[in-house]
Every structure is written in C-alpha cells, then in structure tokens.
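work.cif (mmCIF, C-alpha atoms)
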```cif
data_model
loop_
_atom_site.label_atom_id
_atom_site.label_comp_id
_atom_site.auth_asym_id
_atom_site.auth_seq_id
_atom_site.Cartn_x
_atom_site.Cartn_y
_atom_site.Cartn_z
CA MET A 276 -60.10 -70.41 147.00
CA SER A 277 -62.41 -71.55 149.82
CA VAL A 278 -66.12 -72.02 149.15
CA ASN A 279 -68.67 -69.79 150.88
CA LEU A 280 -70.99 -72.19 152.70
CA LEU A 281 -73.81 -69.63 152.71
CA GLY A 282 -74.05 -70.15 148.96
CA LEU A 283 -74.81 -73.87 149.14
CA ASP A 284 -78.31 -75.29 149.40
CA GLY A 285 -78.92 -78.73 150.90
CA GLU A 286 -77.98 -80.68 147.78
CA ALA A 287 -74.79 -78.69 147.22
CA LEU A 288 -73.79 -79.04 150.88
CA GLU A 289 -74.24 -82.80 150.68
CA ALA A 290 -71.98 -82.88 147.62
CA LEU A 291 -69.29 -80.88 149.44
CA VAL A 292 -69.48 -83.08 152.53
CA SER A 293 -69.23 -86.19 150.37
CA ASP A 294 -66.19 -84.79 148.54
CA LEU A 295 -64.54 -84.30 151.93
CA GLY A 296 -65.15 -87.96 152.82
CA GLU A 297 -67.99 -87.41 155.29
CA ARG A 298 -71.54 -88.76 155.53
CA HIS A 299 -74.57 -86.77 154.38
CA PHE A 300 -75.92 -86.05 157.87
CA ARG A 301 -73.02 -83.62 158.31
CA ALA A 302 -74.72 -81.37 155.74
CA ARG A 303 -77.81 -81.14 157.97
CA GLN A 304 -75.61 -80.25 160.94
CA LEU A 305 -73.92 -77.51 158.95
CA LYS A 306 -77.25 -76.04 157.84
CA ARG A 307 -78.51 -75.94 161.41
CA TRP A 308 -75.37 -74.25 162.71
CA MET A 309 -75.21 -71.69 159.92
CA HIS A 310 -78.82 -70.83 159.25
CA ARG A 311 -80.79 -71.80 162.34
CA LEU A 312 -78.16 -70.74 164.89
CA GLY A 313 -76.43 -68.04 162.84
CA GLU A 314 -72.93 -69.37 163.52
CA SER A 315 -70.10 -67.97 161.40
CA ASP A 316 -67.18 -69.82 163.05
CA ILE A 317 -66.80 -73.43 161.91
CA GLY A 318 -64.58 -74.08 164.93
CA ARG A 319 -67.50 -73.42 167.30
CA MET A 320 -69.76 -76.08 165.77
CA SER A 321 -69.39 -78.28 168.83
CA ASP A 322 -71.30 -81.43 167.81
CA ILE A 323 -69.27 -81.85 164.61
CA ALA A 324 -66.13 -83.97 164.86
CA LYS A 325 -63.02 -81.87 165.41
CA SER A 326 -61.22 -83.60 162.53
CA PHE A 327 -64.01 -82.60 160.12
CA ARG A 328 -64.10 -79.05 161.46
CA GLU A 329 -60.39 -78.72 160.82
CA LYS A 330 -60.76 -80.15 157.32
CA LEU A 331 -63.72 -77.86 156.60
CA THR A 332 -61.97 -74.77 157.93
CA GLY A 333 -59.29 -75.21 155.29
CA ALA A 334 -61.82 -75.60 152.47
CA ALA A 335 -64.73 -73.33 153.35
CA ARG A 336 -65.87 -70.13 155.04
CA ILE A 337 -69.11 -68.43 156.10
CA SER A 338 -69.10 -64.92 154.60
CA PRO A 339 -72.21 -62.73 154.42
CA PRO A 340 -72.10 -59.36 152.63
CA ALA A 341 -70.54 -56.58 154.70
CA ILE A 342 -72.83 -53.91 156.15
CA VAL A 343 -72.09 -50.44 154.76
CA SER A 344 -74.84 -48.63 156.68
CA ASP A 345 -77.75 -49.43 158.99
CA SER A 346 -80.73 -47.02 159.12
CA VAL A 347 -83.85 -47.10 161.26
CA ALA A 348 -87.00 -45.16 160.30
CA GLY A 349 -89.38 -43.48 162.71
CA ASP A 350 -91.86 -46.35 162.28
CA GLY A 351 -89.25 -48.98 163.16
CA THR A 352 -88.48 -50.03 159.57
CA ARG A 353 -84.80 -50.90 159.29
CA LYS A 354 -82.68 -50.75 156.14
CA TRP A 355 -79.23 -52.20 155.57
CA LEU A 356 -76.95 -51.16 152.73
CA LEU A 357 -74.77 -54.18 151.92
CA ASP A 358 -71.46 -54.25 150.04
CA VAL A 359 -71.43 -56.80 147.20
CA GLY A 360 -68.05 -55.82 145.76
CA ASN A 361 -66.59 -53.66 143.00
CA GLY A 362 -68.29 -50.54 144.26
CA ASN A 363 -71.79 -52.07 144.23
CA ALA A 364 -74.14 -52.14 147.20
CA VAL A 365 -77.70 -53.47 147.57
CA GLU A 366 -80.41 -52.88 150.13
CA ALA A 367 -82.44 -55.15 152.42
CA VAL A 368 -85.33 -53.88 154.52
CA PHE A 369 -87.00 -55.24 157.68
CA ILE A 370 -90.61 -54.19 158.31
CA PRO A 371 -91.87 -54.90 161.85
CA GLU A 372 -95.60 -55.32 162.39
CA THR A 373 -97.75 -56.40 165.32
CA ASN A 374 -98.20 -60.00 164.21
CA ARG A 375 -95.24 -60.54 161.88
CA GLY A 376 -91.83 -59.33 160.78
CA THR A 377 -91.11 -59.13 157.06
CA LEU A 378 -87.70 -58.98 155.41
CA CYS A 379 -87.51 -57.53 151.89
CA VAL A 380 -84.59 -59.10 150.01
CA SER A 381 -82.72 -58.03 146.86
CA THR A 382 -81.69 -60.47 144.12
CA GLN A 383 -79.72 -58.28 141.69
CA ALA A 384 -77.34 -55.34 141.85
CA GLY A 385 -79.65 -53.01 139.96
CA CYS A 386 -82.27 -54.09 137.45
CA THR A 387 -82.47 -54.39 133.66
CA LEU A 388 -86.21 -53.79 133.33
CA ALA A 389 -86.34 -49.97 133.55
CA CYS A 390 -89.83 -49.68 135.03
CA GLN A 391 -90.38 -45.93 135.01
CA PHE A 392 -91.77 -45.54 138.53
CA CYS A 393 -88.99 -47.52 140.29
CA SER A 394 -85.79 -45.99 141.63
CA THR A 395 -83.84 -49.24 141.19
CA GLY A 396 -84.88 -49.50 137.55
CA ARG A 397 -83.64 -45.98 136.86
CA GLN A 398 -80.20 -46.81 138.23
CA GLY A 399 -79.22 -49.48 135.73
CA PHE A 400 -77.81 -52.98 136.23
CA ASN A 401 -74.47 -54.46 137.19
CA ARG A 402 -74.91 -58.19 137.90
CA ASN A 403 -76.92 -60.97 139.48
CA LEU A 404 -76.37 -61.63 143.17
CA SER A 405 -74.94 -64.98 144.23
CA VAL A 406 -76.83 -67.41 146.46
CA ALA A 407 -74.62 -66.34 149.38
CA GLU A 408 -75.45 -62.68 148.76
CA ILE A 409 -79.19 -63.37 148.61
CA ILE A 410 -79.44 -65.72 151.60
CA GLY A 411 -76.79 -63.65 153.37
CA GLN A 412 -79.34 -60.82 153.70
CA LEU A 413 -81.61 -63.11 155.74
CA TRP A 414 -78.65 -64.49 157.70
CA LEU A 415 -77.43 -60.99 158.57
CA ALA A 416 -80.87 -59.64 159.42
CA ASN A 417 -81.45 -62.47 161.88
CA ARG A 418 -78.14 -61.68 163.59
CA GLU A 419 -78.67 -57.92 163.61
CA LEU A 420 -82.22 -58.24 164.95
CA GLY A 421 -81.10 -60.48 167.79
CA ALA A 422 -82.99 -63.59 166.72
CA LEU A 423 -82.18 -66.22 169.33
CA PRO A 424 -82.20 -70.02 168.84
CA GLY A 425 -85.34 -71.52 170.32
CA GLY A 426 -86.92 -68.10 170.80
CA GLU A 427 -89.77 -66.42 168.99
CA ARG A 428 -89.13 -66.00 165.26
CA VAL A 429 -88.27 -62.36 164.52
CA ILE A 430 -88.48 -62.71 160.73
CA SER A 431 -91.69 -64.58 159.97
CA ASN A 432 -92.02 -63.60 156.28
CA VAL A 433 -89.59 -63.00 153.44
CA VAL A 434 -90.50 -61.10 150.28
CA LEU A 435 -88.23 -61.03 147.23
CA MET A 436 -89.34 -57.49 146.39
CA GLY A 437 -86.07 -55.66 146.85
CA MET A 438 -83.66 -54.58 144.14
CA GLY A 439 -83.81 -56.59 140.90
CA GLU A 440 -86.08 -59.04 139.07
CA PRO A 441 -85.76 -62.41 140.89
CA LEU A 442 -86.76 -64.51 137.88
CA LEU A 443 -83.90 -63.08 135.79
CA ASN A 444 -81.54 -64.55 138.39
CA PHE A 445 -83.47 -67.80 138.43
CA ASP A 446 -80.99 -70.49 139.56
CA ASN A 447 -79.48 -68.47 142.39
CA THR A 448 -82.90 -67.27 143.52
CA VAL A 449 -84.32 -70.81 143.61
CA SER A 450 -81.33 -72.11 145.60
CA ALA A 451 -81.89 -69.31 148.12
CA LEU A 452 -85.62 -70.09 148.26
CA ARG A 453 -84.88 -73.73 148.99
CA LEU A 454 -82.76 -72.71 151.97
CA MET A 455 -85.51 -70.39 153.24
CA ILE A 456 -88.05 -73.24 153.30
CA ASP A 457 -85.59 -75.97 154.41
CA GLU A 458 -86.56 -77.26 157.87
CA ASP A 459 -82.88 -77.62 158.78
CA ALA A 460 -82.18 -74.02 157.73
CA TYR A 461 -84.80 -71.24 158.14
CA GLY A 462 -87.90 -73.44 158.06
CA LEU A 463 -90.24 -70.85 156.58
CA SER A 464 -93.56 -71.95 155.12
CA ARG A 465 -93.89 -71.59 151.34
CA ARG A 466 -96.93 -69.44 152.12
CA ARG A 467 -94.68 -67.00 154.01
CA VAL A 468 -92.11 -66.59 151.25
CA THR A 469 -93.28 -64.36 148.40
CA LEU A 470 -91.52 -63.80 145.10
CA SER A 471 -92.48 -60.64 143.22
CA THR A 472 -92.00 -60.56 139.46
CA SER A 473 -92.64 -58.08 136.68
CA GLY A 474 -93.99 -60.97 134.61
CA ILE A 475 -91.25 -63.15 133.05
CA VAL A 476 -93.70 -65.75 131.74
CA PRO A 477 -91.34 -68.70 130.99
CA MET A 478 -89.69 -68.32 134.39
CA ILE A 479 -93.04 -68.23 136.18
CA ASP A 480 -93.69 -71.64 134.64
CA ARG A 481 -90.25 -72.88 135.75
CA LEU A 482 -90.81 -71.62 139.28
CA ARG A 483 -94.12 -73.49 139.36
CA GLU A 484 -92.26 -76.73 138.63
CA GLU A 485 -89.11 -76.24 140.70
CA CYS A 486 -89.96 -74.28 143.84
CA PRO A 487 -93.48 -72.81 144.03
CA VAL A 488 -93.78 -70.14 146.71
CA ALA A 489 -96.35 -67.37 147.06
CA LEU A 490 -96.38 -65.27 143.90
CA ALA A 491 -96.85 -61.53 143.52
CA VAL A 492 -97.01 -59.88 140.10
CA SER A 493 -96.14 -56.23 139.54
CA LEU A 494 -99.12 -55.27 137.41
CA HIS A 495 -99.36 -51.46 137.64
CA ALA A 496 -101.45 -51.02 134.47
CA PRO A 497 -104.70 -52.67 133.33
CA ASN A 498 -104.07 -52.59 129.56
CA ASP A 499 -101.15 -53.40 127.27
CA SER A 500 -100.74 -49.92 125.84
CA LEU A 501 -100.14 -48.29 129.21
CA ARG A 502 -98.17 -51.21 130.63
CA ASP A 503 -95.87 -51.18 127.57
CA ARG A 504 -94.89 -47.62 128.49
CA LEU A 505 -94.63 -48.06 132.25
CA MET A 506 -93.04 -51.53 132.15
CA PRO A 507 -91.17 -52.34 128.90
CA ILE A 508 -91.14 -56.09 129.75
CA ASN A 509 -94.85 -56.10 128.79
CA ARG A 510 -93.87 -55.76 125.12
CA GLN A 511 -92.31 -59.22 125.39
CA TYR A 512 -94.89 -60.82 127.69
CA PRO A 513 -98.23 -58.99 127.30
CA LEU A 514 -101.08 -59.22 129.75
CA ALA A 515 -102.93 -62.13 128.11
CA GLU A 516 -99.81 -64.31 128.35
CA LEU A 517 -99.12 -63.14 131.90
CA ILE A 518 -102.65 -63.92 133.12
CA SER A 519 -102.45 -67.39 131.54
CA ALA A 520 -99.14 -68.02 133.34
CA CYS A 521 -100.74 -66.95 136.62
CA ARG A 522 -103.58 -69.41 136.10
CA ARG A 523 -101.08 -72.21 135.46
CA TYR A 524 -99.07 -71.24 138.54
CA LEU A 525 -102.10 -71.60 140.80
CA GLY A 526 -102.09 -75.34 140.09
CA ARG A 527 -99.09 -75.73 142.42
CA ALA A 528 -99.05 -72.50 144.40
CA PRO A 529 -99.10 -72.63 148.23
CA ARG A 530 -101.84 -69.99 148.21
CA ASP A 531 -105.07 -70.08 146.21
CA PHE A 532 -104.55 -66.60 144.76
CA ILE A 533 -101.96 -64.47 142.99
CA THR A 534 -101.22 -61.04 144.45
CA PHE A 535 -101.34 -58.21 141.91
CA GLU A 536 -99.37 -55.12 142.93
CA TYR A 537 -100.70 -51.86 141.54
CA VAL A 538 -98.81 -48.63 142.24
CA MET A 539 -101.20 -45.66 142.17
CA LEU A 540 -99.88 -42.89 139.88
CA LYS A 541 -101.80 -39.62 139.70
CA GLY A 542 -103.26 -38.98 136.25
CA VAL A 543 -101.52 -42.04 134.81
CA ASN A 544 -103.26 -45.25 135.89
CA ASP A 545 -105.95 -44.08 138.33
CA GLY A 546 -108.79 -43.02 136.02
CA GLU A 547 -112.29 -44.49 135.72
CA ASP A 548 -111.39 -46.39 132.55
CA HIS A 549 -108.35 -47.86 134.29
CA LEU A 550 -110.52 -48.97 137.20
CA ARG A 551 -113.05 -50.63 134.90
CA GLN A 552 -110.26 -52.39 132.98
CA LEU A 553 -108.57 -53.51 136.21
CA VAL A 554 -111.77 -55.07 137.54
CA GLU A 555 -112.25 -56.93 134.25
CA LEU A 556 -108.63 -58.12 134.21
CA CYS A 557 -108.73 -59.35 137.80
CA SER A 558 -111.90 -61.33 137.12
CA ARG A 559 -109.87 -63.67 134.87
CA VAL A 560 -107.81 -65.24 137.68
CA SER A 561 -108.09 -65.84 141.41
CA CYS A 562 -106.24 -62.86 142.84
CA LYS A 563 -105.78 -60.30 145.58
CA VAL A 564 -104.95 -56.69 144.68
CA ASN A 565 -102.47 -54.67 146.69
CA LEU A 566 -102.82 -50.96 145.94
CA ILE A 567 -99.54 -49.12 146.55
CA PRO A 568 -99.50 -45.35 147.01
CA PHE A 569 -96.57 -44.14 144.88
CA ASN A 570 -93.47 -43.37 146.94
CA PRO A 571 -91.59 -40.43 145.41
CA PHE A 572 -87.89 -40.34 144.59
CA PRO A 573 -85.80 -37.59 142.94
CA ASN A 574 -86.74 -36.78 139.33
CA SER A 575 -89.32 -39.56 139.16
CA GLY A 576 -91.74 -37.51 137.07
CA PHE A 577 -94.71 -39.07 138.88
CA GLU A 578 -97.03 -38.11 141.72
CA ARG A 579 -99.01 -40.19 144.19
CA SER A 580 -102.72 -40.61 143.50
CA SER A 581 -105.02 -38.81 145.89
CA PRO A 582 -106.38 -40.70 148.91
CA GLN A 583 -109.82 -40.36 147.33
CA ALA A 584 -108.68 -42.05 144.10
CA ILE A 585 -107.02 -44.88 146.02
CA GLU A 586 -110.14 -45.38 148.12
CA ARG A 587 -112.31 -45.35 144.97
CA PHE A 588 -110.21 -48.19 143.52
CA ARG A 589 -110.30 -50.14 146.77
CA GLY A 590 -114.04 -49.79 147.10
CA ALA A 591 -114.88 -50.72 143.50
CA LEU A 592 -112.57 -53.73 143.46
CA GLY A 593 -114.01 -54.91 146.77
CA ALA A 594 -117.55 -54.46 145.48
CA ALA A 595 -116.62 -56.70 142.55
CA GLY A 596 -115.63 -59.44 144.99
CA ILE A 597 -111.88 -58.90 144.63
CA VAL A 598 -109.97 -58.87 147.93
CA THR A 599 -108.13 -55.54 147.97
CA THR A 600 -105.72 -53.93 150.42
CA THR A 601 -103.91 -50.62 150.43
CA ARG A 602 -100.26 -50.97 151.36
CA ARG A 603 -99.25 -48.82 154.27
CA THR A 604 -96.19 -46.76 153.37
CA ARG A 605 -93.30 -47.82 155.61
CA GLY A 606 -89.77 -46.46 155.91
CA ASP A 607 -90.14 -43.62 153.42
CA ASP A 608 -88.14 -41.28 155.68
CA ILE A 609 -85.06 -43.46 155.05
CA ASP A 610 -85.96 -44.23 151.38
CA ALA A 611 -86.90 -47.78 152.31
CA ALA A 612 -90.46 -47.76 150.95
CA CYS A 613 -91.69 -49.69 147.91
CA GLY A 614 -90.01 -48.40 144.73
CA GLN A 615 -87.41 -46.32 146.58
CA LEU A 616 -84.57 -48.85 146.93
CA ALA A 617 -81.51 -47.70 145.02
CA GLY A 618 -78.32 -48.87 146.70
CA LYS A 619 -75.13 -48.06 144.82
CA ILE A 620 -74.80 -49.58 141.37
CA HIS A 621 -72.11 -49.26 138.70
CA ASP A 622 -74.32 -49.54 135.64
CA ARG A 623 -72.92 -51.83 132.95
CA THR A 624 -75.82 -51.36 130.55
CA ARG A 625 -74.87 -47.80 129.54
CA ARG A 626 -78.50 -47.17 128.78
CA VAL A 627 -80.30 -43.88 128.91
CA VAL A 628 -83.73 -44.16 130.53
CA LYS A 629 -86.25 -41.62 129.25
CA VAL A 630 -89.16 -40.60 131.45
CA GLU A 631 -92.46 -40.58 129.58
CA ARG A 632 -95.59 -38.95 130.83
CA THR A 633 -98.38 -41.32 129.95
CA ALA A 634 -101.93 -40.49 128.98
CA PRO A 635 -104.83 -42.16 130.81
#
```
Now, as a test, write the supplied structure out as structure tokens.
Amino acid sequence: MSVNLLGLDGEALEALVSDLGERHFRARQLKRWMHRLGESDIGRMSDIAKSFREKLTGAARISPPAIVSDSVAGDGTRKWLLDVGNGNAVEAVFIPETNRGTLCVSTQAGCTLACQFCSTGRQGFNRNLSVAEIIGQLWLANRELGALPGGERVISNVVLMGMGEPLLNFDNTVSALRLMIDEDAYGLSRRRVTLSTSGIVPMIDRLREECPVALAVSLHAPNDSLRDRLMPINRQYPLAELISACRRYLGRAPRDFITFEYVMLKGVNDGEDHLRQLVELCSRVSCKVNLIPFNPFPNSGFERSSPQAIERFRGALGAAGIVTTTRRTRGDDIDAACGQLAGKIHDRTRRVVKVERTAP
C-alpha cells in the first residue's frame, strides 16, 4: 500500500527519499510542493526529476481527509466536517478576524475525557487521528480558503482546540506540530501555534522537551473538588501538579505565560468564592485568563453565566494584575463555537456519561 506523504514530517520524508535512492534535499522539495504550494499531484512537481516523480508516484500519494460538509456562519466562521473512515467524521473550524485567521484543528475522533460541559466529550471516543488526518485539516483549509503561494497568509494561527485531547495522541500531534512550524512546510511561528490540554501532566513535560509551542490549559474550576466533577482527569492530575507542570513548561515556552481557559457556567463556577480561588490560583504562575461564555448544546444541563458575572470575573482578575480576556462567541449558529464540536463518532468506549449538577 502506498504511503500518504501528508503523514510524514521532515525526518520521515528524508527517510523515505533515502530509501528510494535519492538525496535529502528532495524531502525539502516535497514539503514545499505539498504544504507551501498545496499540490496534490506528484506529477506536477516540475522541479523534481521526472524519474523520481515516476518512482514516487508508484510508492506514495497525497490524500487529505474528504470533506463531508462545509458550513459558513453569519459571522464568517467556517466549519468543515471531514471523513476519517469507518463512519467517523471530525470537525475543523476557521475563524476570520481583522488582523489574523485562526484554524481550530482536531486531533482525535471523539475524546476519552468526558468533560461535562463539552459536546465532544459527551459523544465518546473512537480513535486517535493520524498525522495525515491532523495536518490534512490545515492543508485542506488552505486550499478551500484560496491561500495562494507568495500571497498574504490566510491562516496565521493554528489552535489544537478541536475534537480530542492532543496530548493523548502525543506522537502524531508532535509530528503535525513540527510540520506546522517547519520553514519548508507551513512556516508558522511557535508563538502562533497553540496546543490546548485538559492537563495531562507527564505529556506537558514531554511537549516541553520535544516541541514547545504556546500552551493553553483548560482550567474551568479553581479548586480540586469542583474540577474533579467537571473534568474527571483532575482526579489523576490535580491542580497542584498541573500548576507545577505549567511552571516547568514556561522554561522553554515561546510565550512568557500560560493561557488558562475558563468556561463560565451559571451557578456552577461563577460565584464569589470561585472568583477568589481563581485569583489565588492564577497568582502561582505567569498566566493569561481567557473567560469563555458557555456555548449550549442539546441536553448539556448547563447555562451560560450572566454578562454581569463574566464582567465581574474579568474586572477582578484584571485588578489583581492578571491579563484577562473574554472570548467572543463565534460560529454558534453552525455549532462551531467552543465546546460545541461533535462530528460523527462511533463510540468504542461503551461508557455512559452522567450529567452532574455541581454545587458552588
């Protein structure tokens, strides 16, 4: 069976080229054609020797995931549903803004973590995505958005905040990250590639050593008791361990802060005690807080905090010297907002997720 070239980072491409009897610079040429120019036809790679193109055509292919549907929201947010085989489909979202364009990428078909306020987590888990399926989302988005070689970059930022926990698909995620920051491929700055994690402490340490990019942590609760209920992964890696891992990560991070994401849930994590605890927690590490108004989905069991509660949090955190933003809800009319991505997953976990109402 032929190899999918989209699934090979620089080192793997060099190994393939070498196995085919060619010199390493051919790997750089292939990366430029595939990733920088978006070429899918090996035969059209005109500065590569015809003999090598013929040899490569018999051994390899360039195959991104197939597009199942393409939706555009009223605010310009665009969502693709992508077929990843065996009845599974994942979602990627492009968010256009005045001074940047951000692509939200998925790393798993579903998610094992069962965070209560997340539509993906409710759906279950099927499998990890391959490197080709992860990087293929960026490859496809560039093509669909009309990104032209030598023109202005359409996608300036990538966030691994789509379906799945990136650090539980560590090797494939890191290979995809290396392609995103490779100057011969997408050439994105490490500062413009953000990985969001629920807090897999050993993998945060591995990421620090192997491919440090900007780090966002899904916090969502300021104490262990509440976080245990909202995010079961906290029972394995409680807040003290997570904060220590964040401090270690800053030693090699491309930014001098960690972003904490905090979804605002009415009557659950938006009380005065929660605010006081959050300020104290954030004082332990250099951080920025991104407050996220909850985006509803069917049978979630949660409601969005009031604008007044969100503003109270923003003001108090800011007064404590903590840089704080409120995320603007984008794409909610096509279920493309934070926490709404669901795709189509054949759950292999056979779990039953119970919705708990939590006390302040």
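This file, filtered with the PyMOL selection byres ((chain A and resi 491) around 7), gives the residues Thr469, Leu470, Ser471, Thr472, Ala489, Leu490, Val492, Ser493, Ile533, Thr534, Phe535 and Glu536 of chain A.
What the PyMOL selection byres ((chain A and resi 527) around 12) matches in the given file is Arg465, Arg466, Ile479, Asp480, Arg481, Leu482, Arg483, Glu484, Glu485, Cys486, Pro487, Val488, Ala489, Leu490, Ala520, Cys521, Arg522, Arg523, Tyr524, Leu525, Gly526, Ala528, Pro529, Arg530, Asp531, Phe532 and Ile533 of chain A.
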Residue nearest Asn417 (chain A) - candidates A:Ile475, A:Met309, A:Leu540, A:Leu494, atoms counted: only C-alpha atoms: A:Met309
Would you kindly translate the PyMOL selection byres ((chain A and resi 451) around 10) into the concrete residues it picks from this file, as number ranges by chain? A: 281-284, 382, 405-411, 413, 445-450, 452-457
Using CA of Gln412 (chain A) and CA of Phe300 (chain A) as the two end points, give the distance in Å to one decimal. 25.8 Å
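Within 9 Å of the point (-73.1, -78.8, 154.0) in file coordinates, and counting only C-alpha atoms, lie the residues Leu280, Leu283, Asp284, Gly285, Glu286, Ala287, Leu288, Glu289, Ala290, Leu291, Val292, His299, Phe300, Arg301, Ala302, Arg303, Gln304, Leu305 and Lys306 of chain A.
Here CA of Ile620 (chain A) is placed at a distance of 11.6 Å from CA of Ser394 (chain A).
Proximity to Asn279 (chain A) at 6 Å, evaluated using all atoms listed in the file and with sequence-adjacent residues fewer than 4 positions away removed, yields A:Ala335, A:Arg336, A:Ile337.
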Write the residues of the selection above to a file with C-alpha atoms, as a PDB file, in the frame of the given file.
```pdb
ATOM      1  CA  ALA A 335     -64.730 -73.330 153.350  1.00  0.00           C
ATOM      2  CA  ARG A 336     -65.870 -70.130 155.040  1.00  0.00           C
ATOM      3  CA  ILE A 337     -69.110 -68.430 156.100  1.00  0.00           C
TER       4      ILE A 337
END
```
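As for CA of Arg402 (chain A) and CA of Val365 (chain A), they are spaced 11.1 Å apart.
Among the candidates A:Ile518, A:Ala496, A:Leu312, A:Ile370, the residue lying nearest to Gly421 (chain A) is A:Leu312 (atoms considered: only C-alpha atoms).
Of the listed residues (A:Asp459, A:Glu419, A:Leu378, A:Gly590), A:Leu378 comes nearest to Met436 (chain A); the distances count all atoms listed in the file.
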My list of candidates is A:Asn565, A:Pro507, A:Arg428, A:Leu295. Which is closest to Asn374 (chain A) when distances are computed with all atoms listed in the file? A:Arg428
Leaving out Ala515 (chain A) and any residue of its chain fewer than 5 positions from it, which residues lie within 12 Å of it when counting all atoms listed in the file, given as a ChimeraX atom specification? /A:474,476,497-499,509-510,520-522,556-557,559-560
